[in-house]
Amino acid sequence: MILKISEVLKPEAIIMKMKSKEKIAVLKELVDHMVDNELVEDGEEFQKALAKRENLESTGIGDGIAIPHARTDAVKGLVLAFARSEQGVDFSAIDGKPSHLIFLIASPVDRKSEYIMALAKLSRLLRKQEVRRLLKDADNPNEILNIIKKNEE
Amino acid sequence: MKLKKAIFVLTDSNDQHVAESAIQLCKKFKSKLFVLFIIETGRISRLARLTQKKSDMLRKKIEDEGWQSLYLIEDEADKTGVSTSLHLENGFATTIVKKYVDAYNIDTLLVKRKNETKKLFVSSMVPVIGL
């Protein structure tokens, strides 16, 4: 199975300018946005799963990136969302820098391999400095998707 | 011996098979577990020569495998309540490990016992546990 981030991430799951400034509020804004766009059914349960994970370890991976993630039956399939924060959000990243690019990944509990694969692909993609720069400068969701598509080929 | 911050170093996705021991050790000592996958300098070109595949394709494949190993370990560690920090680097294993030990005050190095990791046992400035 070839998993493509650009196919899993939907334009309606992209927030170009995040309003929230604090980690838990950011997660809530992302989850609410996904619920509003009918990408997630049980928003409350989903948020709980994400917060539980954040309490155990930081999902800020450095270089201005955070990838909050969880396996939870609050989602029916592999889901991805993306948000950009101008001021940056403290995800307790190992390099101490705020996160400006936030990717959220979740899958049902029994779809572990797909979930791990998505996390791996996204992490590899975001290691490229040029990709991070392009994502920061993009003007709209379709541009974000095109950048990902071009760079994951 | 202190064991507050341990680093488990992988140089191959097969090393993941001893991750359970690393996790259990960290659980017992209530340590934070850094998990570091290193793609050693020269590995991609060696593989490219052996397999006749393009270096770019091999790099993508090995990086994907590396990240998958890291996230699988994180998933297992989560179940036991062990906190992890995941990292993937390219370069010389001894140099990278030294950088991490210094930067994050790592007190114990955990590695799979194999020929390729002998140099880590010899060069490490902190105690090494072979798994």
# chains A, B, ... in the order shown; residues from 1 in each chain; ligands from 1
call {"tool": "closest_atom_pairs", "arguments": {"of": "chain A", "to": "chain B", "cutoff": "7 Å", "atoms": "only C-alpha atoms", "output": "CSV"}}
result
residue,atom,partner,partner_atom,distance
A:Leu56,CA,B:Ser83,CA,5.8
A:Glu57,CA,B:Ser83,CA,5.5
A:Ile116,CA,B:Gln68,CA,5.8
A:Met117,CA,B:Gln68,CA,6.2
A:Ala120,CA,B:Trp67,CA,4.6
A:Lys121,CA,B:Asp64,CA,6.1
A:Arg124,CA,B:Glu63,CA,6.5
call {"tool": "residues_around", "arguments": {"residues": "segment 19-32 of chain A", "least_positions_apart": "2", "cutoff": "7 Å", "atoms": "only C-alpha atoms", "output": "list in words"}}
result
Lys17, Met34, Val35, Asp36, Gly43, Gln47, Val89, Asp90 and Phe91 of chain A
call {"tool": "write_last_selection", "arguments": {"atoms": "N, CA and C atoms", "output": "mmCIF file, in the first residue's frame"}}
result
data_model
loop_
_atom_site.group_PDB
_atom_site.id
_atom_site.type_symbol
_atom_site.label_atom_id
_atom_site.label_comp_id
_atom_site.auth_asym_id
_atom_site.auth_seq_id
_atom_site.Cartn_x
_atom_site.Cartn_y
_atom_site.Cartn_z
ATOM 1 N N LYS A 17 -4.389 30.151 9.377
ATOM 2 C CA LYS A 17 -3.975 31.066 10.443
ATOM 3 C C LYS A 17 -4.672 30.683 11.739
ATOM 4 N N MET A 34 -12.116 20.165 12.716
ATOM 5 C CA MET A 34 -12.349 18.869 12.061
ATOM 6 C C MET A 34 -13.769 18.384 12.284
ATOM 7 N N VAL A 35 -14.294 18.619 13.470
ATOM 8 C CA VAL A 35 -15.684 18.225 13.758
ATOM 9 C C VAL A 35 -16.633 19.046 12.876
ATOM 10 N N ASP A 36 -16.387 20.361 12.800
ATOM 11 C CA ASP A 36 -17.228 21.244 11.975
ATOM 12 C C ASP A 36 -17.241 20.797 10.515
ATOM 13 N N GLY A 43 -15.497 14.578 18.868
ATOM 14 C CA GLY A 43 -14.440 15.557 19.108
ATOM 15 C C GLY A 43 -13.899 15.523 20.523
ATOM 16 N N GLN A 47 -10.063 14.774 21.494
ATOM 17 C CA GLN A 47 -9.234 15.755 22.210
ATOM 18 C C GLN A 47 -8.609 15.144 23.467
ATOM 19 N N VAL A 89 3.640 28.232 18.739
ATOM 20 C CA VAL A 89 3.005 27.643 19.922
ATOM 21 C C VAL A 89 4.044 26.813 20.667
ATOM 22 N N ASP A 90 4.036 26.913 21.973
ATOM 23 C CA ASP A 90 4.999 26.146 22.767
ATOM 24 C C ASP A 90 4.537 24.691 22.899
ATOM 25 N N PHE A 91 5.170 23.814 22.124
ATOM 26 C CA PHE A 91 4.883 22.375 22.219
ATOM 27 C C PHE A 91 6.014 21.670 22.968
#
call {"tool": "select_by_dssp", "arguments": {"residues": "chain B", "states": "strand (DSSP E)", "output": "PyMOL selection string"}}
result
chain B and resi 5-10+32-40+84-91+108-111+128-130
call {"tool": "closest_residue", "arguments": {"among": "A:Ile65, A:Arg132, A:Ile5, A:Arg84", "to": "Leu119 of chain A", "atoms": "only C-alpha atoms"}}
result
A:Ile5
call {"tool": "residues_around", "arguments": {"residues": "Ile129 of chain B", "least_positions_apart": "2", "cutoff": "7 Å", "atoms": "only C-alpha atoms", "output": "list in words"}}
result
Leu109, Leu110, Val111, Pro127 and Leu131 of chain B
call {"tool": "atom_distance", "arguments": {"atom1": "atom CA of Lys150 of chain A", "atom2": "atom CA of Arg43 of chain B"}}
result
26.5 Å
call {"tool": "select_by_dssp", "arguments": {"residues": "chain B", "states": "helix (DSSP H, G or I)", "output": "number ranges by chain"}}
result
B: 13-29, 43-51, 55-80, 93-104, 115-123
call {"tool": "write_last_selection", "arguments": {"atoms": "C-alpha atoms", "output": "mmCIF file, in the first residue's frame"}}
result
data_model
loop_
_atom_site.group_PDB
_atom_site.id
_atom_site.type_symbol
_atom_site.label_atom_id
_atom_site.label_comp_id
_atom_site.auth_asym_id
_atom_site.auth_seq_id
_atom_site.Cartn_x
_atom_site.Cartn_y
_atom_site.Cartn_z
ATOM 1 C CA SER B 13 15.559 -1.116 11.746
ATOM 2 C CA ASN B 14 16.355 -4.670 12.975
ATOM 3 C CA ASP B 15 17.711 -3.114 16.197
ATOM 4 C CA GLN B 16 14.087 -2.394 17.066
ATOM 5 C CA HIS B 17 13.770 -6.009 18.280
ATOM 6 C CA VAL B 18 15.636 -5.156 21.478
ATOM 7 C CA ALA B 19 13.622 -1.986 22.112
ATOM 8 C CA GLU B 20 11.406 -3.799 24.614
ATOM 9 C CA SER B 21 14.411 -4.277 26.926
ATOM 10 C CA ALA B 22 15.303 -0.583 26.615
ATOM 11 C CA ILE B 23 11.716 0.378 27.485
ATOM 12 C CA GLN B 24 11.584 -1.978 30.477
ATOM 13 C CA LEU B 25 14.868 -0.617 31.823
ATOM 14 C CA CYS B 26 13.551 2.941 31.556
ATOM 15 C CA LYS B 27 10.304 1.929 33.215
ATOM 16 C CA LYS B 28 12.187 0.344 36.120
ATOM 17 C CA PHE B 29 14.405 3.387 36.664
ATOM 18 C CA ARG B 43 25.598 3.101 4.276
ATOM 19 C CA ILE B 44 23.474 4.477 1.426
ATOM 20 C CA SER B 45 26.309 4.400 -1.125
ATOM 21 C CA ARG B 46 27.297 0.871 -0.050
ATOM 22 C CA LEU B 47 23.710 -0.322 -0.455
ATOM 23 C CA ALA B 48 23.397 1.463 -3.794
ATOM 24 C CA ARG B 49 26.467 -0.387 -5.088
ATOM 25 C CA LEU B 50 25.176 -3.726 -3.820
ATOM 26 C CA THR B 51 21.594 -3.384 -5.026
ATOM 27 C CA SER B 55 20.844 6.489 -3.767
ATOM 28 C CA ASP B 56 17.884 8.888 -3.549
ATOM 29 C CA MET B 57 15.385 6.037 -3.520
ATOM 30 C CA LEU B 58 17.380 4.112 -0.938
ATOM 31 C CA ARG B 59 17.690 7.169 1.291
ATOM 32 C CA LYS B 60 13.915 7.699 1.238
ATOM 33 C CA LYS B 61 13.320 4.028 2.011
ATOM 34 C CA ILE B 62 15.804 3.909 4.881
ATOM 35 C CA GLU B 63 14.549 7.197 6.350
ATOM 36 C CA ASP B 64 10.970 5.908 6.197
ATOM 37 C CA GLU B 65 12.035 2.663 7.894
ATOM 38 C CA GLY B 66 13.939 4.648 10.504
ATOM 39 C CA TRP B 67 10.977 6.841 11.375
ATOM 40 C CA GLN B 68 8.690 3.824 11.447
ATOM 41 C CA SER B 69 11.017 2.102 13.928
ATOM 42 C CA LEU B 70 11.048 5.249 16.072
ATOM 43 C CA TYR B 71 7.267 5.631 16.143
ATOM 44 C CA LEU B 72 6.749 1.910 16.807
ATOM 45 C CA ILE B 73 9.063 2.190 19.822
ATOM 46 C CA GLU B 74 7.206 5.306 20.977
ATOM 47 C CA ASP B 75 3.913 3.430 20.662
ATOM 48 C CA GLU B 76 5.238 0.575 22.838
ATOM 49 C CA ALA B 77 6.794 2.965 25.362
ATOM 50 C CA ASP B 78 3.500 4.818 25.707
ATOM 51 C CA LYS B 79 1.798 1.645 26.891
ATOM 52 C CA THR B 80 4.227 1.387 29.796
ATOM 53 C CA ALA B 93 27.451 7.168 14.907
ATOM 54 C CA THR B 94 30.204 7.955 17.427
ATOM 55 C CA THR B 95 30.104 11.701 16.657
ATOM 56 C CA ILE B 96 26.310 11.914 16.752
ATOM 57 C CA VAL B 97 25.995 9.937 19.984
ATOM 58 C CA LYS B 98 28.591 12.180 21.660
ATOM 59 C CA LYS B 99 26.632 15.253 20.503
ATOM 60 C CA TYR B 100 23.410 13.908 22.041
ATOM 61 C CA VAL B 101 25.069 12.804 25.286
ATOM 62 C CA ASP B 102 26.531 16.301 25.719
ATOM 63 C CA ALA B 103 23.479 18.260 24.591
ATOM 64 C CA TYR B 104 20.884 16.438 26.671
ATOM 65 C CA ASN B 115 29.769 -5.833 15.334
ATOM 66 C CA GLU B 116 28.686 -2.418 14.075
ATOM 67 C CA THR B 117 28.110 -1.068 17.585
ATOM 68 C CA LYS B 118 31.447 -2.146 19.109
ATOM 69 C CA LYS B 119 32.813 1.336 18.399
ATOM 70 C CA LEU B 120 30.053 2.856 20.540
ATOM 71 C CA PHE B 121 31.039 0.710 23.541
ATOM 72 C CA VAL B 122 34.666 1.788 23.166
ATOM 73 C CA SER B 123 34.119 5.489 22.510
#
call {"tool": "residues_around", "arguments": {"residues": "Tyr115 of chain A", "least_positions_apart": "4", "cutoff": "8 Å", "atoms": "only C-alpha atoms", "output": "PyMOL selection string"}}
result
chain A and resi 71+78+105-107+111+119
call {"tool": "write_last_selection", "arguments": {"atoms": "C-alpha atoms", "output": "compact mmCIF listing (two decimals), in the first residue's frame"}}
result
# COMPACT_ATOMS: atom_id res chain seq x y z
CA ARG A 71 -4.62 6.27 18.04
CA LEU A 78 -6.71 7.81 9.20
CA ILE A 105 -2.50 12.68 12.84
CA ALA A 106 -4.97 10.18 14.22
CA SER A 107 -6.21 6.75 13.35
CA ARG A 111 -4.96 0.64 12.20
CA LEU A 119 3.88 9.56 10.96
call {"tool": "closest_residue", "arguments": {"among": "A:Glu44, A:Leu50, A:Val79, A:Ala93", "to": "Ala13 of chain A", "atoms": "only C-alpha atoms"}}
result
A:Val79
call {"tool": "atom_distance", "arguments": {"atom1": "atom CA of Leu145 of chain A", "atom2": "atom CA of Phe46 of chain A"}}
result
24.1 Å
call {"tool": "residues_around", "arguments": {"residues": "Ser92 of chain A", "least_positions_apart": "6", "cutoff": "10 Å", "atoms": "only C-alpha atoms", "output": "VMD selection string"}}
result
chain A and resid 23 54 57 to 62 66 98 to 99
call {"tool": "write_last_selection", "arguments": {"atoms": "N, CA and C atoms", "output": "CSV table (one decimal), in the first residue's frame"}}
result
chain,number,residue,atom,x,y,z
A,23,LYS,N,-0.9,25.4,23.7
A,23,LYS,CA,-1.0,24.1,23.2
A,23,LYS,C,-2.4,23.4,23.2
A,54,GLU,N,0.0,14.2,24.8
A,54,GLU,CA,0.8,15.4,25.1
A,54,GLU,C,1.3,15.4,26.6
A,57,GLU,N,4.4,13.0,26.6
A,57,GLU,CA,5.6,13.4,25.9
A,57,GLU,C,5.3,14.6,24.9
A,58,SER,N,6.3,15.4,24.7
A,58,SER,CA,6.1,16.5,23.8
A,58,SER,C,6.0,16.0,22.3
A,59,THR,N,5.1,16.6,21.5
A,59,THR,CA,5.1,16.2,20.1
A,59,THR,C,5.7,17.3,19.3
A,60,GLY,N,6.4,18.3,20.0
A,60,GLY,CA,7.1,19.3,19.2
A,60,GLY,C,8.5,18.6,18.9
A,61,ILE,N,8.7,18.5,17.6
A,61,ILE,CA,9.9,17.7,17.2
A,61,ILE,C,11.1,18.6,16.8
A,62,GLY,N,10.9,19.9,17.0
A,62,GLY,CA,12.0,20.9,16.7
A,62,GLY,C,11.8,21.5,15.3
A,66,ALA,N,5.4,20.7,15.0
A,66,ALA,CA,4.8,19.8,16.0
A,66,ALA,C,3.9,18.8,15.3
A,98,PRO,N,9.4,27.6,19.4
A,98,PRO,CA,7.9,27.5,19.2
A,98,PRO,C,7.6,26.8,17.9
A,99,SER,N,6.5,26.1,17.9
A,99,SER,CA,6.0,25.4,16.6
A,99,SER,C,5.1,26.3,15.8
call {"tool": "closest_residue", "arguments": {"among": "A:Leu126, A:Met16, A:Leu3, A:Ile67", "to": "Asp139 of chain A", "atoms": "only C-alpha atoms"}}
result
A:Met16
call {"tool": "atom_distance", "arguments": {"atom1": "atom CA of Asn146 of chain A", "atom2": "atom CA of Ala74 of chain A"}}
result
28.7 Å
